[in-house]
Amino acid sequence: MSNSLRDDTREFFGIKREIEVIPNFVDIEKYGKKHLLCERNMIAQGDEK
């Protein structure tokens, strides 16, 4: 949900309480990318050159 959609929704429906905006309906704190160190054995066999 965007700030614009939140504002339009409050105005159209006459909502007085706060509406929390979660961008793209995804909680980026919960589902954000995890940066993992990539080790060679994760992408190639040990004997592969």
# chains A, B, ... in the order shown; residues from 1 in each chain; ligands from 1

call {"tool": "select_by_dssp", "arguments": {"residues": "chain A", "states": "alpha helix (DSSP H)", "output": "PyMOL selection string"}}
result
chain A and resi 3-13+28-31

call {"tool": "write_last_selection", "arguments": {"atoms": "N, CA and C atoms", "output": "JSON list (two decimals), in the first residue's frame"}}
result
[["chain", "number", "residue", "atom", "x", "y", "z"],
["A", 3, "ASN", "N", 1.48, 5.50, 0.31],
["A", 3, "ASN", "CA", 0.96, 6.61, 1.11],
["A", 3, "ASN", "C", -0.23, 7.25, 0.40],
["A", 4, "SER", "N", -0.15, 7.32, -0.92],
["A", 4, "SER", "CA", -1.23, 7.92, -1.70],
["A", 4, "SER", "C", -2.52, 7.10, -1.56],
["A", 5, "LEU", "N", -2.41, 5.78, -1.66],
["A", 5, "LEU", "CA", -3.58, 4.92, -1.51],
["A", 5, "LEU", "C", -4.15, 5.03, -0.10],
["A", 6, "ARG", "N", -3.27, 5.10, 0.90],
["A", 6, "ARG", "CA", -3.72, 5.26, 2.28],
["A", 6, "ARG", "C", -4.53, 6.56, 2.42],
["A", 7, "ASP", "N", -3.98, 7.65, 1.89],
["A", 7, "ASP", "CA", -4.64, 8.95, 2.00],
["A", 7, "ASP", "C", -5.97, 8.96, 1.26],
["A", 8, "ASP", "N", -5.99, 8.38, 0.05],
["A", 8, "ASP", "CA", -7.24, 8.31, -0.73],
["A", 8, "ASP", "C", -8.29, 7.47, -0.02],
["A", 9, "THR", "N", -7.86, 6.36, 0.58],
["A", 9, "THR", "CA", -8.78, 5.47, 1.30],
["A", 9, "THR", "C", -9.38, 6.19, 2.50],
["A", 10, "ARG", "N", -8.54, 6.88, 3.26],
["A", 10, "ARG", "CA", -9.04, 7.60, 4.44],
["A", 10, "ARG", "C", -10.04, 8.68, 4.03],
["A", 11, "GLU", "N", -9.72, 9.39, 2.94],
["A", 11, "GLU", "CA", -10.61, 10.46, 2.49],
["A", 11, "GLU", "C", -11.92, 9.90, 1.94],
["A", 12, "PHE", "N", -11.85, 8.88, 1.08],
["A", 12, "PHE", "CA", -13.04, 8.33, 0.43],
["A", 12, "PHE", "C", -14.00, 7.71, 1.44],
["A", 13, "PHE", "N", -13.46, 6.93, 2.39],
["A", 13, "PHE", "CA", -14.30, 6.23, 3.35],
["A", 13, "PHE", "C", -14.48, 6.99, 4.66],
["A", 28, "ILE", "N", 9.09, -5.61, 4.69],
["A", 28, "ILE", "CA", 10.47, -5.77, 4.25],
["A", 28, "ILE", "C", 11.41, -6.11, 5.39],
["A", 29, "GLU", "N", 11.03, -5.82, 6.62],
["A", 29, "GLU", "CA", 11.86, -6.22, 7.76],
["A", 29, "GLU", "C", 11.83, -7.74, 7.93],
["A", 30, "LYS", "N", 10.67, -8.33, 7.68],
["A", 30, "LYS", "CA", 10.51, -9.77, 7.86],
["A", 30, "LYS", "C", 10.99, -10.55, 6.64],
["A", 31, "TYR", "N", 10.75, -10.01, 5.44],
["A", 31, "TYR", "CA", 11.05, -10.76, 4.22],
["A", 31, "TYR", "C", 12.17, -10.15, 3.39]]

call {"tool": "closest_residue", "arguments": {"among": "A:Lys49, A:Arg40, A:His35, A:Ser2", "to": "A:Pro23", "atoms": "only C-alpha atoms"}}
result
A:Ser2

call {"tool": "atom_distance", "arguments": {"atom1": "atom CA of A:Glu48", "atom2": "atom CA of A:Lys34"}}
result
27.3 Å

call {"tool": "atom_distance", "arguments": {"atom1": "atom CA of A:Asn24", "atom2": "atom CA of A:Leu36"}}
result
24.3 Å
